[in-house]
$ cat my_file02.tsv   # TSV, C-alpha atoms
chain	number	residue	atom	x	y	z
A	451	MET	CA	11.75	-2.88	4.27
A	452	LYS	CA	15.28	-3.74	5.37
A	453	SER	CA	16.69	-7.19	5.97
A	454	GLY	CA	18.44	-8.28	9.15
A	455	ASN	CA	21.81	-6.95	7.98
A	456	GLY	CA	20.36	-3.50	7.34
A	457	THR	CA	20.40	-3.68	3.56
A	458	GLU	CA	17.47	-3.28	1.21
A	459	PRO	CA	16.35	-6.65	-0.22
A	460	LYS	CA	16.90	-7.13	-3.91
A	461	VAL	CA	13.85	-7.23	-6.18
A	462	ALA	CA	13.72	-10.44	-8.20
A	463	ALA	CA	14.09	-10.00	-11.95
A	464	ASP	CA	10.81	-11.85	-12.50
A	465	SER	CA	8.85	-9.25	-10.53
A	466	VAL	CA	9.92	-6.60	-13.00
A	467	GLY	CA	8.58	-8.78	-15.79
A	468	LEU	CA	5.15	-8.82	-14.18
A	469	GLN	CA	4.73	-5.17	-15.12
A	470	GLY	CA	5.03	-5.81	-18.85
A	471	ARG	CA	6.76	-8.08	-21.34
A	472	PRO	CA	8.37	-11.11	-19.62
A	473	LEU	CA	12.02	-10.62	-18.71
A	474	TRP	CA	14.26	-13.65	-19.29
A	475	ASP	CA	17.49	-13.85	-17.30
A	476	PRO	CA	20.57	-15.72	-18.68
A	477	ALA	CA	19.75	-18.80	-16.62
A	478	ARG	CA	16.19	-18.97	-17.97
A	479	PRO	CA	16.18	-17.95	-21.65
A	480	GLY	CA	12.62	-19.21	-22.05
A	481	HIS	CA	10.31	-19.96	-24.94
A	482	GLU	CA	11.89	-17.52	-27.38
A	483	LEU	CA	15.24	-19.34	-27.49
A	484	LEU	CA	13.60	-22.75	-27.89
A	485	GLU	CA	11.37	-21.56	-30.74
A	486	ALA	CA	14.36	-19.89	-32.44
A	487	LEU	CA	16.30	-23.17	-32.34
A	488	ARG	CA	13.31	-25.06	-33.71
A	489	LYS	CA	13.50	-22.79	-36.76
A	490	GLU	CA	17.30	-22.60	-36.98
A	491	ILE	CA	18.18	-26.30	-36.97
A	492	PRO	CA	15.73	-27.57	-39.66
A	493	ALA	CA	16.68	-24.64	-41.91
A	494	ASN	CA	20.46	-24.51	-41.42
A	495	GLY	CA	21.49	-27.71	-39.66
A	496	MET	CA	23.11	-28.03	-36.25
A	497	PRO	CA	24.75	-24.69	-35.39
A	498	GLY	CA	28.52	-24.54	-35.00
A	499	ALA	CA	30.39	-22.73	-32.24
A	500	ASP	CA	30.28	-19.32	-33.95
A	501	ARG	CA	26.56	-19.54	-34.68
A	502	ILE	CA	25.83	-20.71	-31.13
A	503	ARG	CA	27.57	-17.60	-29.80
A	504	GLU	CA	25.51	-15.44	-32.17
A	505	ILE	CA	22.27	-17.09	-31.02
A	506	ALA	CA	23.30	-16.57	-27.38
A	507	GLU	CA	23.89	-12.87	-28.00
A	508	GLU	CA	20.56	-12.53	-29.83
A	509	HIS	CA	18.74	-13.96	-26.80
A	510	THR	CA	20.84	-12.31	-24.08
A	511	THR	CA	22.11	-15.59	-22.69
A	512	THR	CA	25.26	-17.72	-22.81
A	513	ALA	CA	26.59	-20.19	-25.37
A	514	ALA	CA	26.50	-22.86	-22.65
A	515	LYS	CA	22.77	-22.30	-22.17
A	516	VAL	CA	22.14	-22.58	-25.92
A	517	ARG	CA	24.02	-25.90	-25.99
A	518	GLY	CA	22.07	-27.00	-22.94
A	519	VAL	CA	18.73	-26.34	-24.63
A	520	ILE	CA	19.85	-28.26	-27.74
A	521	GLY	CA	20.94	-31.18	-25.57
A	522	TYR	CA	17.85	-31.22	-23.36
A	523	TYR	CA	15.13	-30.84	-26.01
A	524	SER	CA	16.01	-33.93	-27.98
A	525	ASP	CA	13.36	-33.25	-30.63
A	526	LEU	CA	15.85	-30.68	-31.97
A	527	THR	CA	18.28	-33.42	-33.03
A	528	LYS	CA	16.01	-36.30	-34.06
A	529	ASP	CA	15.25	-37.54	-37.58
A	530	PRO	CA	12.68	-35.04	-38.92
A	531	SER	CA	10.89	-37.78	-40.87
A	532	SER	CA	9.96	-39.73	-37.74
A	533	VAL	CA	7.05	-39.33	-35.35
A	534	LYS	CA	8.42	-38.36	-31.96
A	535	VAL	CA	6.82	-39.31	-28.64
A	536	CYS	CA	7.80	-37.46	-25.49
A	537	MET	CA	9.03	-39.72	-22.69
A	538	GLY	CA	9.36	-37.04	-20.02
A	539	GLU	CA	7.83	-37.88	-16.64
A	540	ALA	CA	4.61	-35.92	-17.23
A	541	CYS	CA	3.95	-37.60	-20.57
A	542	ARG	CA	4.87	-41.08	-19.32
A	543	SER	CA	2.39	-40.69	-16.47
A	544	ARG	CA	-0.33	-40.01	-19.04
A	545	GLY	CA	0.30	-42.96	-21.35
A	546	ALA	CA	3.26	-42.02	-23.57
A	547	ALA	CA	4.82	-45.49	-23.39
A	548	GLY	CA	1.62	-47.09	-24.67
A	549	MET	CA	1.37	-44.50	-27.44
A	550	PHE	CA	4.96	-45.25	-28.49
A	551	ASP	CA	4.34	-49.03	-28.57
A	552	ASP	CA	1.11	-48.64	-30.55
A	553	LEU	CA	2.81	-46.46	-33.17
A	554	LYS	CA	5.77	-48.83	-33.47
A	555	THR	CA	3.47	-51.86	-33.82
A	556	SER	CA	1.52	-50.11	-36.58
A	557	GLY	CA	4.73	-49.69	-38.58
A	558	VAL	CA	5.24	-45.97	-38.01
A	559	LYS	CA	8.84	-44.73	-37.84
A	560	VAL	CA	8.97	-43.49	-34.26
A	561	ASP	CA	11.57	-41.91	-31.96
A	562	MET	CA	11.62	-41.09	-28.26
A	563	ILE	CA	12.31	-37.54	-27.12
A	564	HIS	CA	12.89	-36.32	-23.58
A	565	CYS	CA	10.76	-33.17	-23.41
A	566	THR	CA	8.97	-30.73	-25.70
A	567	GLY	CA	8.17	-28.16	-23.03
A	568	ARG	CA	4.43	-28.93	-23.33
A	569	CYS	CA	4.00	-30.98	-20.14
A	570	ALA	CA	0.46	-29.80	-19.45
A	571	CYS	CA	-0.73	-31.19	-22.79
A	572	GLY	CA	0.74	-34.70	-22.57
A	573	PRO	CA	1.16	-37.26	-23.82
A	574	ILE	CA	2.84	-35.37	-26.66
A	575	LYS	CA	3.30	-36.76	-30.16
A	576	VAL	CA	5.20	-34.55	-32.61
A	577	GLU	CA	4.62	-35.05	-36.32
A	578	GLY	CA	6.21	-32.81	-38.94
A	579	GLU	CA	6.39	-29.15	-38.01
A	580	PRO	CA	6.11	-28.17	-34.35
A	581	ALA	CA	2.96	-26.51	-33.05
A	582	ASN	CA	2.20	-23.01	-34.28
A	583	GLU	CA	3.88	-20.17	-32.44
A	584	PRO	CA	1.70	-18.10	-30.13
A	585	LEU	CA	-0.01	-15.27	-32.00
A	586	THR	CA	1.11	-11.69	-31.33
A	587	LYS	CA	0.23	-8.32	-32.84
A	588	THR	CA	2.33	-5.17	-33.00
A	589	GLY	CA	0.50	-1.86	-32.80
A	590	VAL	CA	1.82	1.69	-32.60
A	591	GLU	CA	2.88	3.98	-29.81
A	592	GLY	CA	-0.11	5.35	-27.96
A	593	GLY	CA	-2.29	2.30	-28.54
A	594	ASN	CA	-3.51	-0.06	-25.84
A	595	THR	CA	-1.52	-3.20	-25.05
A	596	PHE	CA	-3.35	-6.48	-24.44
A	597	PHE	CA	-1.63	-9.42	-22.71
A	598	VAL	CA	-2.64	-13.10	-23.02
A	599	SER	CA	-0.73	-16.06	-21.55
A	600	MET	CA	1.16	-18.35	-23.94
A	601	ASP	CA	2.29	-21.17	-21.62
A	602	THR	CA	1.09	-24.68	-22.32
A	603	ALA	CA	-1.35	-24.93	-19.42
A	604	SER	CA	-3.20	-21.75	-20.39
A	605	ARG	CA	-3.18	-22.76	-24.06
A	606	GLU	CA	-4.87	-26.01	-23.06
A	607	LEU	CA	-7.52	-23.87	-21.36
A	608	GLY	CA	-8.13	-21.88	-24.55
A	609	SER	CA	-5.75	-18.92	-24.49
A	610	GLU	CA	-4.67	-19.39	-28.12
A	611	LEU	CA	-8.27	-19.34	-29.36
A	612	LEU	CA	-8.82	-16.23	-27.26
A	613	ALA	CA	-5.69	-14.54	-28.61
A	614	ASN	CA	-6.72	-15.18	-32.21
A	615	ARG	CA	-10.19	-13.71	-31.69
A	616	LEU	CA	-8.81	-10.82	-29.65
A	617	ALA	CA	-6.32	-9.91	-32.39
A	618	GLU	CA	-9.26	-9.53	-34.78
A	619	SER	CA	-11.29	-7.30	-32.47
A	620	ILE	CA	-8.76	-4.87	-30.97
A	621	GLY	CA	-7.96	-1.56	-32.64
A	622	GLU	CA	-5.39	-1.13	-35.39
A	623	ARG	CA	-3.17	0.88	-33.04
A	624	ASP	CA	-3.35	-1.75	-30.28
A	625	SER	CA	-0.79	-4.49	-29.53
A	626	LEU	CA	-1.15	-8.08	-28.36
A	627	VAL	CA	1.73	-9.40	-26.22
A	628	ARG	CA	2.06	-12.95	-24.90
A	629	THR	CA	3.01	-13.56	-21.27
A	630	GLY	CA	3.12	-16.34	-18.69
A	631	SER	CA	0.14	-17.28	-16.53
A	632	ARG	CA	2.05	-16.92	-13.22
A	633	GLY	CA	0.21	-20.00	-11.99
A	634	LEU	CA	-3.20	-18.28	-11.84
A	635	PHE	CA	-4.84	-21.10	-13.78
A	636	HIS	CA	-8.23	-20.61	-12.12
A	637	LEU	CA	-8.36	-17.23	-13.91
A	638	GLU	CA	-7.25	-18.51	-17.31
A	639	PRO	CA	-7.74	-17.68	-20.04
A	640	MET	CA	-7.10	-14.17	-18.73
A	641	VAL	CA	-6.70	-10.89	-20.61
A	642	GLU	CA	-4.61	-8.10	-19.11
A	643	VAL	CA	-4.74	-4.62	-20.59
A	644	ASP	CA	-2.43	-1.64	-20.24
A	645	ALA	CA	-4.81	1.19	-21.10
A	646	GLY	CA	-4.62	4.83	-20.14
A	647	GLY	CA	-1.72	4.26	-17.77
A	648	GLN	CA	-3.39	1.49	-15.75
A	649	ARG	CA	-2.93	-2.30	-15.90
A	650	VAL	CA	-6.16	-4.25	-15.37
A	651	ALA	CA	-7.29	-7.82	-15.95
A	652	PHE	CA	-10.36	-9.75	-17.08
A	653	GLY	CA	-10.89	-13.44	-16.48
A	654	PRO	CA	-11.59	-16.17	-17.02
A	655	VAL	CA	-12.50	-15.16	-20.58
A	656	ASN	CA	-13.56	-17.38	-23.49
A	657	GLU	CA	-12.94	-16.49	-27.13
A	658	ASP	CA	-16.56	-15.43	-27.68
A	659	GLU	CA	-16.10	-12.67	-25.11
A	660	SER	CA	-13.06	-11.13	-26.81
A	661	GLY	CA	-15.15	-8.55	-28.64
A	662	THR	CA	-16.81	-7.37	-25.44
A	663	ILE	CA	-13.39	-7.00	-23.78
A	664	SER	CA	-12.00	-4.86	-26.60
A	665	ALA	CA	-15.23	-2.82	-26.67
A	666	ALA	CA	-15.01	-2.18	-22.91
A	667	VAL	CA	-11.41	-1.02	-23.28
A	668	ALA	CA	-12.28	1.24	-26.21
A	669	SER	CA	-15.16	2.81	-24.27
A	670	GLY	CA	-13.15	3.30	-21.09
A	671	ASP	CA	-15.85	1.54	-18.99
A	672	LEU	CA	-13.54	-1.27	-17.93
A	673	ALA	CA	-15.08	-1.96	-14.53
A	674	LYS	CA	-18.56	-2.50	-15.97
A	675	HIS	CA	-17.53	-5.71	-17.74
A	676	ASN	CA	-18.69	-8.80	-15.84
A	677	LYS	CA	-15.22	-10.42	-16.11
A	678	TYR	CA	-13.37	-7.37	-14.77
A	679	LEU	CA	-10.86	-8.36	-12.06
A	680	GLY	CA	-9.28	-5.00	-11.34
$ encode --input "my_file02.tsv" --output "structure tokens"
Amino acid sequence: MKSGNGTEPKVAADSVGLQGRPLWDPARPGHELLEALRKEIPANGMPGADRIREIAEEHTTTAAKVRGVIGYYSDLTKDPSSVKVCMGEACRSRGAAGMFDDLKTSGVKVDMIHCTGRCACGPIKVEGEPANEPLTKTGVEGGNTFFVSMDTASRELGSELLANRLAESIGERDSLVRTGSRGLFHLEPMVEVDAGGQRVAFGPVNEDESGTISAAVASGDLAKHNKYLG
């Protein structure tokens, strides 16, 4: 379909990502950059200019974006010995200020941070190490690929429990890749599968159904599963 000036409309980069592993453009480096910085800074201290450029290259983004993430996610620069309470709008609306005051009154060393990227789970209190990274599994060429959302809203709905059980039940050759939910929260937790050249989905799925999903994929009778979405 052509636009009014007779040219073909451009396909958004995100739409390409819907067909497989998420694609992050330089303006939106995503979860991977944030998690890398959460490992980098405690281990090696605040990165200098050269290291920031290296991190930017590793994540196909710009040095300015890396600095922006460090500046925005203030938990990256706070005292690691303190308990940190998120004071972003989502967390404040769900009682973060009261949580902060209660901790301070009880004698706990407490800091405010602006955002942890976990708005759906607020109010957020960070103690010690950050939350575990989303589970993935790497298979081999020719195996099936399973996709489970890793964003905070879907994790609140049980996607991490599902991913852990699914990783135990899928075949040794199969892979587990983490994606975004695309806002389809009424279908979460959802499992997508790239099997035999077709991409299909099941949902909403709880962790106890993970074995039946992997069995349906292994048998090839995908449509017979009661959570099959097409």
$ atom_distance --input "my_file02.tsv" --atom1 "CA of Ala546 (chain A)" --atom2 "CA of Lys515 (chain A)"
27.8 Å
$ atom_distance --input "my_file02.tsv" --atom1 "CA of Ala645 (chain A)" --atom2 "CA of Asp671 (chain A)"
11.2 Å
$ atom_distance --input "my_file02.tsv" --atom1 "CA of Val650 (chain A)" --atom2 "CA of Glu482 (chain A)"
25.4 Å
$ closest_residue --input "my_file02.tsv" --among "A:Glu606, A:Glu490, A:Asp561, A:Glu507" --to "Phe635 (chain A)" --atoms "only C-alpha atoms"
A:Glu606
$ closest_residue --input "my_file02.tsv" --among "A:Leu484, A:Asp500, A:Asp658, A:Met537" --to "Val516 (chain A)" --atoms "only C-alpha atoms"
A:Leu484
$ residues_around --input "my_file02.tsv" --residues "Ala486 (chain A)" --least-positions-apart "4" --cutoff "10 Å" --atoms "all atoms listed in the file" --output "list in words"
His481, Glu482, Glu490, Ile491, Ile505, Glu508 and His509 of chain A
